[in-house]
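*Asks:* Before I ask anything, here is the structure I am working with.
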Amino acid sequence: MMAFAFVFPGQGSQSVGMMNGYSDSPVIEQTFTEASDVLGQDLWAMVNQGPAEVLNQTINTQPLMLTAGVAVYRAWSSLSELQPVMLAGHSLGEYTALVVADALSFSDALKLVRFRAQAMQQAVPEGSGGMAAILGLDDEIVKAICQEVTQHGDNRLVEPANFNSPGQIVIAGHRDAVLIAIEQCQAKGAKRAVILPMSIPSHCTLMNAATEPMRQQLEAIAFQKPRIPILHNADVQSHSESASLKEILVQQLINPVRWVDTVKALTTTGIAHLIECGPGKVLIGLNKRIVPNVQHLSLTDAQTIAQTAELLRSA
């Protein structure tokens, strides 16, 4: 059998009805019921009926995407005894990876991501921050533009937040600074530069105010050594000690998501299959551009879970 890794999506992969394709797996709805009991709200109704504006509120998106990733992993485990040799998650997806690796209980993870969303929202006043996707421009040019904009005036901070794939960077910061950076990126030849529908400027220095509340919240949570190694976005390293796992989750708030480096590092370990575990195909699109020589699969519905399990069994 060929070695494979699971990667878990984060914010941006959510949509109303995203679990429809998994109706053959009873464990999916059971997992949502478990999460709903923990948080005291009906996540299954929310994911199936929306509306999209409610689904897209960070405070709802984060627990929903965590639950979706855990549910799909449980559906996989109900069909296949095969286990990934490595895990990674895009931003919020790291919490899913921690649950799958038995480093963090599902219940604790749900409460943590709900708190994380609140802390992030409170760190920056509504409407004052923003994020934008820059496509078709070299990383170094985008970094230089961000530095240039930030140097010229107060409340003008903008930084690279996600290195998602070659030629796709997300920037984050004060909304006005993000808009100025968009103009400058377009002037330098970006194919596209678009503001994202997110109220929180994640993975940049503006999240500093969220770090101490998050650190305090993490102190009360029990972490175990992950049974499957997880590569983390902030430093592209695996962590096994409780203290370092907690600290990397704090650092994740203010450091860019180094997804390109993370995916490249995953595949240097001899992994032949990179599998997106969760609804949507956001990560598979990025991963194909980062490491085209690896087989890319996604568990987008009950059928693809069964097909992937069979493919790996016979590999």
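Residues in the structure tokens are numbered from 1 in each chain, the chains being A, B, ... in the order shown, and ligands are numbered from 1 in the order shown.
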Would you tabulate, counting only C-alpha atoms, all residues of segment 36-69 of chain A that have an atom at most 12 Å from an atom of segment 74-84 of chain A, showing the closest pair of atoms and their distance in Å to one decimal, sorted by chain then ascending number, as a Markdown table?

*Replies:*
```
| residue | atom | partner | partner_atom | distance |
| --- | --- | --- | --- | --- |
| A:Thr67 | CA | A:Arg74 | CA | 10.4 |
| A:Ala68 | CA | A:Arg74 | CA | 9.9 |
| A:Gly69 | CA | A:Arg74 | CA | 8.7 |
```

*Asks:* Take the selection from the previous step and output its residues with N, CA and C atoms, as a PDB file, in the first residue's frame.

*Replies:*
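Final file, part_0.pdb:
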```
ATOM      1  N   THR A  67     -16.490  20.189  12.518  1.00  0.00           N
ATOM      2  CA  THR A  67     -17.409  19.048  12.598  1.00  0.00           C
ATOM      3  C   THR A  67     -17.464  18.294  11.278  1.00  0.00           C
ATOM      4  N   ALA A  68     -17.497  19.028  10.183  1.00  0.00           N
ATOM      5  CA  ALA A  68     -17.549  18.389   8.860  1.00  0.00           C
ATOM      6  C   ALA A  68     -16.315  17.527   8.621  1.00  0.00           C
ATOM      7  N   GLY A  69     -15.132  18.054   8.955  1.00  0.00           N
ATOM      8  CA  GLY A  69     -13.898  17.295   8.741  1.00  0.00           C
ATOM      9  C   GLY A  69     -13.838  16.041   9.598  1.00  0.00           C
TER      10      GLY A  69
END
```

*Asks:* Can you tell me, as a ChimeraX atom specification, what residues are no more than 12 Å from Leu245 of chain A when counting only C-alpha atoms, ignoring any on the same chain fewer than 4 positions away?

*Replies:* /A:94-95,97-98,103-104,215,218-219,221-226,229-232,234-235,237-241,249-252

*Asks:* To one decimal place in Å, what is the distance between atom CA of Pro197 of chain A and atom CA of Met18 of chain A?

*Replies:*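 So the answer is 18.6 Å.
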
*Asks:* Distance atom CA of His174 of chain A-atom CA of Cys204 of chain A, one decimal place?

*Replies:*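 Separation of atom CA of His174 of chain A and atom CA of Cys204 of chain A: 10.1 Å.
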
*Asks:* Which residues, written as a PyMOL selection string, have at least one atom at most 7 Å from segment 182-190 of chain A, with only C-alpha atoms counted and residues fewer than 3 positions away on the same chain left out?

*Replies:* chain A and resi 134-137+142+145+178-179+193

*Asks:* Excluding Gln307 of chain A and residues on its chain fewer than 6 positions from it, collect all residues at most 10 Å away from it, counting only C-alpha atoms, and give them as a VMD selection string.

*Replies:* chain A and resid 297 299 313

*Asks:* Give me every alpha helix (DSSP H) residue in segment 22-203 of chain A, going by DSSP on the backbone, as a short mmCIF file (atom, residue, chain, number, x, y, z; two decimals) with N, CA and C atoms, in the first residue's frame.

*Replies:*
```cif
data_model
loop_
_atom_site.label_atom_id
_atom_site.label_comp_id
_atom_site.auth_asym_id
_atom_site.auth_seq_id
_atom_site.Cartn_x
_atom_site.Cartn_y
_atom_site.Cartn_z
N PRO A 26 -24.39 7.14 8.02
CA PRO A 26 -25.10 7.61 9.22
C PRO A 26 -24.19 8.31 10.22
N VAL A 27 -22.89 7.98 10.21
CA VAL A 27 -21.96 8.58 11.17
C VAL A 27 -21.82 10.09 10.95
N ILE A 28 -22.13 10.56 9.74
CA ILE A 28 -22.04 12.00 9.45
C ILE A 28 -23.03 12.78 10.31
N GLU A 29 -24.30 12.42 10.22
CA GLU A 29 -25.31 13.14 11.01
C GLU A 29 -25.09 12.92 12.51
N GLN A 30 -24.65 11.72 12.88
CA GLN A 30 -24.36 11.44 14.30
C GLN A 30 -23.30 12.40 14.84
N THR A 31 -22.28 12.67 14.02
CA THR A 31 -21.20 13.57 14.44
C THR A 31 -21.72 14.99 14.60
N PHE A 32 -22.60 15.41 13.70
CA PHE A 32 -23.20 16.75 13.82
C PHE A 32 -24.09 16.85 15.05
N THR A 33 -24.80 15.77 15.37
CA THR A 33 -25.63 15.75 16.57
C THR A 33 -24.77 15.89 17.83
N GLU A 34 -23.66 15.18 17.84
CA GLU A 34 -22.72 15.25 18.96
C GLU A 34 -22.21 16.69 19.14
N ALA A 35 -21.83 17.31 18.03
CA ALA A 35 -21.33 18.69 18.09
C ALA A 35 -22.43 19.66 18.52
N SER A 36 -23.63 19.44 18.02
CA SER A 36 -24.76 20.32 18.37
C SER A 36 -25.04 20.26 19.87
N ASP A 37 -24.92 19.06 20.45
CA ASP A 37 -25.14 18.89 21.89
C ASP A 37 -24.08 19.65 22.69
N VAL A 38 -22.85 19.63 22.20
CA VAL A 38 -21.75 20.32 22.91
C VAL A 38 -21.95 21.83 22.88
N LEU A 39 -22.35 22.36 21.72
CA LEU A 39 -22.42 23.81 21.55
C LEU A 39 -23.80 24.39 21.82
N LEU A 43 -26.39 22.42 14.52
CA LEU A 43 -25.47 22.60 13.39
C LEU A 43 -25.96 21.87 12.14
N TRP A 44 -26.66 20.75 12.32
CA TRP A 44 -27.15 19.98 11.17
C TRP A 44 -28.17 20.81 10.38
N ALA A 45 -29.08 21.47 11.10
CA ALA A 45 -30.05 22.34 10.43
C ALA A 45 -29.34 23.50 9.73
N MET A 46 -28.35 24.07 10.40
CA MET A 46 -27.62 25.21 9.84
C MET A 46 -26.91 24.83 8.54
N VAL A 47 -26.26 23.66 8.53
CA VAL A 47 -25.49 23.26 7.36
C VAL A 47 -26.40 22.86 6.20
N ASN A 48 -27.60 22.39 6.52
CA ASN A 48 -28.52 21.95 5.47
C ASN A 48 -29.44 23.06 4.97
N GLN A 49 -29.79 23.98 5.84
CA GLN A 49 -30.79 25.00 5.48
C GLN A 49 -30.22 26.41 5.39
N ALA A 52 -26.93 31.22 4.00
CA ALA A 52 -25.48 31.32 3.80
C ALA A 52 -24.85 32.38 4.71
N GLU A 53 -25.59 33.49 4.95
CA GLU A 53 -25.02 34.56 5.78
C GLU A 53 -24.74 34.06 7.19
N VAL A 54 -25.60 33.18 7.70
CA VAL A 54 -25.39 32.61 9.04
C VAL A 54 -24.23 31.62 9.01
N LEU A 55 -24.19 30.80 7.97
CA LEU A 55 -23.13 29.80 7.81
C LEU A 55 -21.76 30.48 7.71
N THR A 58 -18.08 33.84 11.11
CA THR A 58 -16.91 33.11 11.62
C THR A 58 -17.25 32.24 12.83
N ILE A 59 -18.08 32.77 13.71
CA ILE A 59 -18.44 32.05 14.95
C ILE A 59 -19.17 30.74 14.65
N ASN A 60 -19.81 30.65 13.47
CA ASN A 60 -20.48 29.42 13.05
C ASN A 60 -19.60 28.60 12.09
N THR A 61 -18.90 29.28 11.21
CA THR A 61 -18.08 28.57 10.21
C THR A 61 -17.04 27.68 10.87
N GLN A 62 -16.39 28.20 11.92
CA GLN A 62 -15.29 27.44 12.50
C GLN A 62 -15.75 26.10 13.11
N PRO A 63 -16.78 26.09 13.97
CA PRO A 63 -17.24 24.78 14.47
C PRO A 63 -17.86 23.91 13.38
N LEU A 64 -18.51 24.52 12.38
CA LEU A 64 -19.10 23.73 11.29
C LEU A 64 -18.04 23.00 10.49
N MET A 65 -16.96 23.70 10.12
CA MET A 65 -15.92 23.06 9.31
C MET A 65 -15.14 22.02 10.12
N LEU A 66 -14.94 22.28 11.40
CA LEU A 66 -14.33 21.27 12.27
C LEU A 66 -15.20 20.01 12.30
N THR A 67 -16.49 20.19 12.52
CA THR A 67 -17.41 19.05 12.60
C THR A 67 -17.46 18.29 11.28
N ALA A 68 -17.50 19.03 10.18
CA ALA A 68 -17.55 18.39 8.86
C ALA A 68 -16.31 17.53 8.62
N GLY A 69 -15.13 18.05 8.96
CA GLY A 69 -13.90 17.29 8.74
C GLY A 69 -13.84 16.04 9.60
N VAL A 70 -14.23 16.17 10.88
CA VAL A 70 -14.23 15.01 11.78
C VAL A 70 -15.26 13.98 11.29
N ALA A 71 -16.43 14.46 10.85
CA ALA A 71 -17.48 13.55 10.37
C ALA A 71 -17.01 12.76 9.15
N VAL A 72 -16.35 13.42 8.22
CA VAL A 72 -15.87 12.73 7.01
C VAL A 72 -14.77 11.74 7.38
N TYR A 73 -13.90 12.12 8.30
CA TYR A 73 -12.87 11.17 8.75
C TYR A 73 -13.52 9.94 9.39
N ARG A 74 -14.56 10.14 10.21
CA ARG A 74 -15.24 9.01 10.84
C ARG A 74 -15.93 8.13 9.79
N ALA A 75 -16.47 8.77 8.74
CA ALA A 75 -17.08 7.99 7.66
C ALA A 75 -16.01 7.16 6.95
N TRP A 76 -14.84 7.75 6.75
CA TRP A 76 -13.71 7.01 6.17
C TRP A 76 -13.35 5.80 7.05
N SER A 77 -13.23 6.05 8.35
CA SER A 77 -12.82 4.99 9.28
C SER A 77 -13.85 3.86 9.36
N SER A 78 -15.13 4.18 9.08
CA SER A 78 -16.16 3.15 9.10
C SER A 78 -16.08 2.24 7.88
N LEU A 79 -15.37 2.70 6.83
CA LEU A 79 -15.25 1.93 5.59
C LEU A 79 -13.86 1.31 5.40
N GLY A 93 -8.29 24.04 9.90
CA GLY A 93 -8.20 22.60 9.66
C GLY A 93 -7.20 21.89 10.57
N GLU A 94 -6.28 22.65 11.18
CA GLU A 94 -5.32 22.04 12.12
C GLU A 94 -6.05 21.48 13.35
N TYR A 95 -7.14 22.11 13.73
CA TYR A 95 -7.92 21.61 14.87
C TYR A 95 -8.56 20.27 14.52
N THR A 96 -9.03 20.14 13.27
CA THR A 96 -9.56 18.86 12.82
C THR A 96 -8.48 17.80 12.87
N ALA A 97 -7.28 18.15 12.39
CA ALA A 97 -6.16 17.21 12.41
C ALA A 97 -5.84 16.76 13.83
N LEU A 98 -5.89 17.69 14.78
CA LEU A 98 -5.60 17.35 16.18
C LEU A 98 -6.62 16.37 16.75
N VAL A 99 -7.89 16.53 16.36
CA VAL A 99 -8.93 15.60 16.82
C VAL A 99 -8.71 14.23 16.20
N VAL A 100 -8.45 14.20 14.89
CA VAL A 100 -8.23 12.94 14.18
C VAL A 100 -7.01 12.20 14.74
N PHE A 106 -12.82 15.85 20.67
CA PHE A 106 -13.74 16.57 19.77
C PHE A 106 -14.49 17.66 20.54
N SER A 107 -14.94 17.33 21.72
CA SER A 107 -15.68 18.29 22.54
C SER A 107 -14.84 19.52 22.87
N ASP A 108 -13.59 19.30 23.30
CA ASP A 108 -12.69 20.42 23.61
C ASP A 108 -12.38 21.24 22.37
N ALA A 109 -12.20 20.56 21.25
CA ALA A 109 -11.89 21.27 20.00
C ALA A 109 -13.04 22.17 19.59
N LEU A 110 -14.27 21.69 19.72
CA LEU A 110 -15.44 22.50 19.38
C LEU A 110 -15.50 23.78 20.22
N LYS A 111 -15.30 23.61 21.52
CA LYS A 111 -15.33 24.78 22.40
C LYS A 111 -14.19 25.73 22.09
N LEU A 112 -13.03 25.17 21.75
CA LEU A 112 -11.86 25.99 21.43
C LEU A 112 -12.07 26.82 20.17
N VAL A 113 -12.60 26.19 19.12
CA VAL A 113 -12.75 26.95 17.87
C VAL A 113 -13.86 27.99 17.99
N ARG A 114 -14.89 27.70 18.80
CA ARG A 114 -15.90 28.71 19.05
C ARG A 114 -15.27 29.90 19.78
N PHE A 115 -14.44 29.62 20.79
CA PHE A 115 -13.75 30.69 21.52
C PHE A 115 -12.79 31.43 20.58
N ARG A 116 -12.07 30.68 19.76
CA ARG A 116 -11.11 31.26 18.81
C ARG A 116 -11.81 32.26 17.90
N ALA A 117 -12.97 31.87 17.38
CA ALA A 117 -13.72 32.76 16.50
C ALA A 117 -14.12 34.05 17.22
N GLN A 118 -14.57 33.91 18.46
CA GLN A 118 -14.97 35.09 19.25
C GLN A 118 -13.77 35.99 19.52
N ALA A 119 -12.64 35.38 19.90
CA ALA A 119 -11.43 36.16 20.22
C ALA A 119 -10.93 36.89 18.98
N MET A 120 -11.00 36.24 17.83
CA MET A 120 -10.55 36.86 16.58
C MET A 120 -11.47 38.02 16.20
N GLN A 121 -12.78 37.83 16.37
CA GLN A 121 -13.74 38.87 16.02
C GLN A 121 -13.57 40.09 16.93
N GLN A 122 -13.28 39.82 18.22
CA GLN A 122 -13.13 40.92 19.18
C GLN A 122 -11.79 41.66 19.02
N ALA A 123 -10.82 41.02 18.38
CA ALA A 123 -9.48 41.63 18.26
C ALA A 123 -9.48 42.84 17.34
N ASP A 139 5.53 36.04 -5.10
CA ASP A 139 5.46 36.22 -3.64
C ASP A 139 6.25 37.44 -3.18
N GLU A 140 7.47 37.58 -3.71
CA GLU A 140 8.35 38.67 -3.24
C GLU A 140 7.79 40.03 -3.59
N ILE A 141 7.13 40.14 -4.73
CA ILE A 141 6.52 41.42 -5.13
C ILE A 141 5.38 41.77 -4.17
N VAL A 142 4.55 40.76 -3.85
CA VAL A 142 3.43 40.99 -2.92
C VAL A 142 3.95 41.40 -1.55
N LYS A 143 4.99 40.71 -1.07
CA LYS A 143 5.58 41.05 0.23
C LYS A 143 6.08 42.50 0.22
N ALA A 144 6.77 42.90 -0.86
CA ALA A 144 7.34 44.25 -0.96
C ALA A 144 6.23 45.31 -0.97
N ILE A 145 5.15 45.03 -1.68
CA ILE A 145 4.02 45.97 -1.72
C ILE A 145 3.41 46.12 -0.33
N CYS A 146 3.23 45.02 0.37
CA CYS A 146 2.69 45.08 1.73
C CYS A 146 3.56 45.92 2.65
N GLN A 147 4.87 45.72 2.56
CA GLN A 147 5.80 46.48 3.40
C GLN A 147 5.73 47.97 3.07
N GLU A 148 5.65 48.27 1.79
CA GLU A 148 5.60 49.67 1.33
C GLU A 148 4.34 50.36 1.84
N VAL A 149 3.20 49.70 1.71
CA VAL A 149 1.92 50.29 2.16
C VAL A 149 1.93 50.49 3.68
N THR A 150 2.45 49.49 4.41
CA THR A 150 2.46 49.52 5.88
C THR A 150 3.32 50.66 6.41
N GLN A 151 4.40 50.97 5.71
CA GLN A 151 5.34 52.00 6.18
C GLN A 151 4.77 53.41 6.10
N ARG A 175 -8.50 47.49 6.53
CA ARG A 175 -9.24 47.44 5.26
C ARG A 175 -8.70 48.45 4.24
N ASP A 176 -8.44 49.69 4.68
CA ASP A 176 -7.95 50.71 3.74
C ASP A 176 -6.60 50.31 3.16
N ALA A 177 -5.74 49.73 4.01
CA ALA A 177 -4.42 49.30 3.54
C ALA A 177 -4.54 48.16 2.54
N VAL A 178 -5.48 47.25 2.80
CA VAL A 178 -5.71 46.13 1.87
C VAL A 178 -6.15 46.66 0.51
N LEU A 179 -7.03 47.67 0.52
CA LEU A 179 -7.53 48.25 -0.75
C LEU A 179 -6.40 48.94 -1.52
N ILE A 180 -5.52 49.62 -0.80
CA ILE A 180 -4.37 50.26 -1.45
C ILE A 180 -3.45 49.20 -2.04
N ALA A 181 -3.20 48.13 -1.27
CA ALA A 181 -2.33 47.05 -1.74
C ALA A 181 -2.93 46.38 -2.98
N ILE A 182 -4.25 46.22 -3.01
CA ILE A 182 -4.91 45.64 -4.19
C ILE A 182 -4.58 46.48 -5.43
N GLU A 183 -4.72 47.80 -5.31
CA GLU A 183 -4.43 48.70 -6.45
C GLU A 183 -2.99 48.55 -6.90
N GLN A 184 -2.07 48.47 -5.93
CA GLN A 184 -0.65 48.39 -6.29
C GLN A 184 -0.31 47.04 -6.91
N CYS A 185 -0.95 45.98 -6.41
CA CYS A 185 -0.72 44.66 -7.00
C CYS A 185 -1.23 44.61 -8.44
N GLN A 186 -2.37 45.24 -8.68
CA GLN A 186 -2.92 45.29 -10.04
C GLN A 186 -1.98 46.08 -10.95
N ALA A 187 -1.43 47.18 -10.42
CA ALA A 187 -0.50 47.99 -11.20
C ALA A 187 0.78 47.23 -11.55
#
```

*Asks:* List the spatial neighbours of Thr269 of chain A as a PyMOL selection string - criterion: any atom at most 10 Å away, only C-alpha atoms, same-chain residues fewer than 6 positions off excluded.

*Replies:* chain A and resi 3-4+85-86

*Asks:* Can you write just those residues out, all heavy atoms, as a short mmCIF file (atom, residue, chain, number, x, y, z; two decimals), in the first residue's frame?

*Replies:*
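Written out: result.cif:
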```cif
data_model
loop_
_atom_site.label_atom_id
_atom_site.label_comp_id
_atom_site.auth_asym_id
_atom_site.auth_seq_id
_atom_site.Cartn_x
_atom_site.Cartn_y
_atom_site.Cartn_z
N ALA A 3 1.87 5.05 0.84
CA ALA A 3 1.64 5.96 1.97
C ALA A 3 0.79 7.15 1.52
O ALA A 3 0.93 7.64 0.39
CB ALA A 3 2.96 6.45 2.52
N PHE A 4 -0.12 7.59 2.40
CA PHE A 4 -0.95 8.74 2.05
C PHE A 4 -1.08 9.67 3.25
O PHE A 4 -0.88 9.26 4.40
CB PHE A 4 -2.33 8.30 1.54
CG PHE A 4 -3.20 7.61 2.56
CD1 PHE A 4 -4.16 8.30 3.29
CD2 PHE A 4 -3.08 6.24 2.78
CE1 PHE A 4 -4.97 7.65 4.21
CE2 PHE A 4 -3.88 5.58 3.71
CZ PHE A 4 -4.84 6.30 4.43
N VAL A 85 -0.37 8.49 7.13
CA VAL A 85 0.89 8.52 7.89
C VAL A 85 1.23 9.94 8.35
O VAL A 85 2.08 10.13 9.23
CB VAL A 85 2.06 7.95 7.06
CG1 VAL A 85 1.83 6.48 6.76
CG2 VAL A 85 2.30 8.72 5.77
N MET A 86 0.58 10.94 7.75
CA MET A 86 0.79 12.34 8.13
C MET A 86 -0.54 13.08 7.98
O MET A 86 -1.40 12.68 7.20
CB MET A 86 1.84 13.02 7.23
CG MET A 86 3.25 12.50 7.38
SD MET A 86 4.07 13.17 8.85
CE MET A 86 4.52 14.80 8.28
#
```
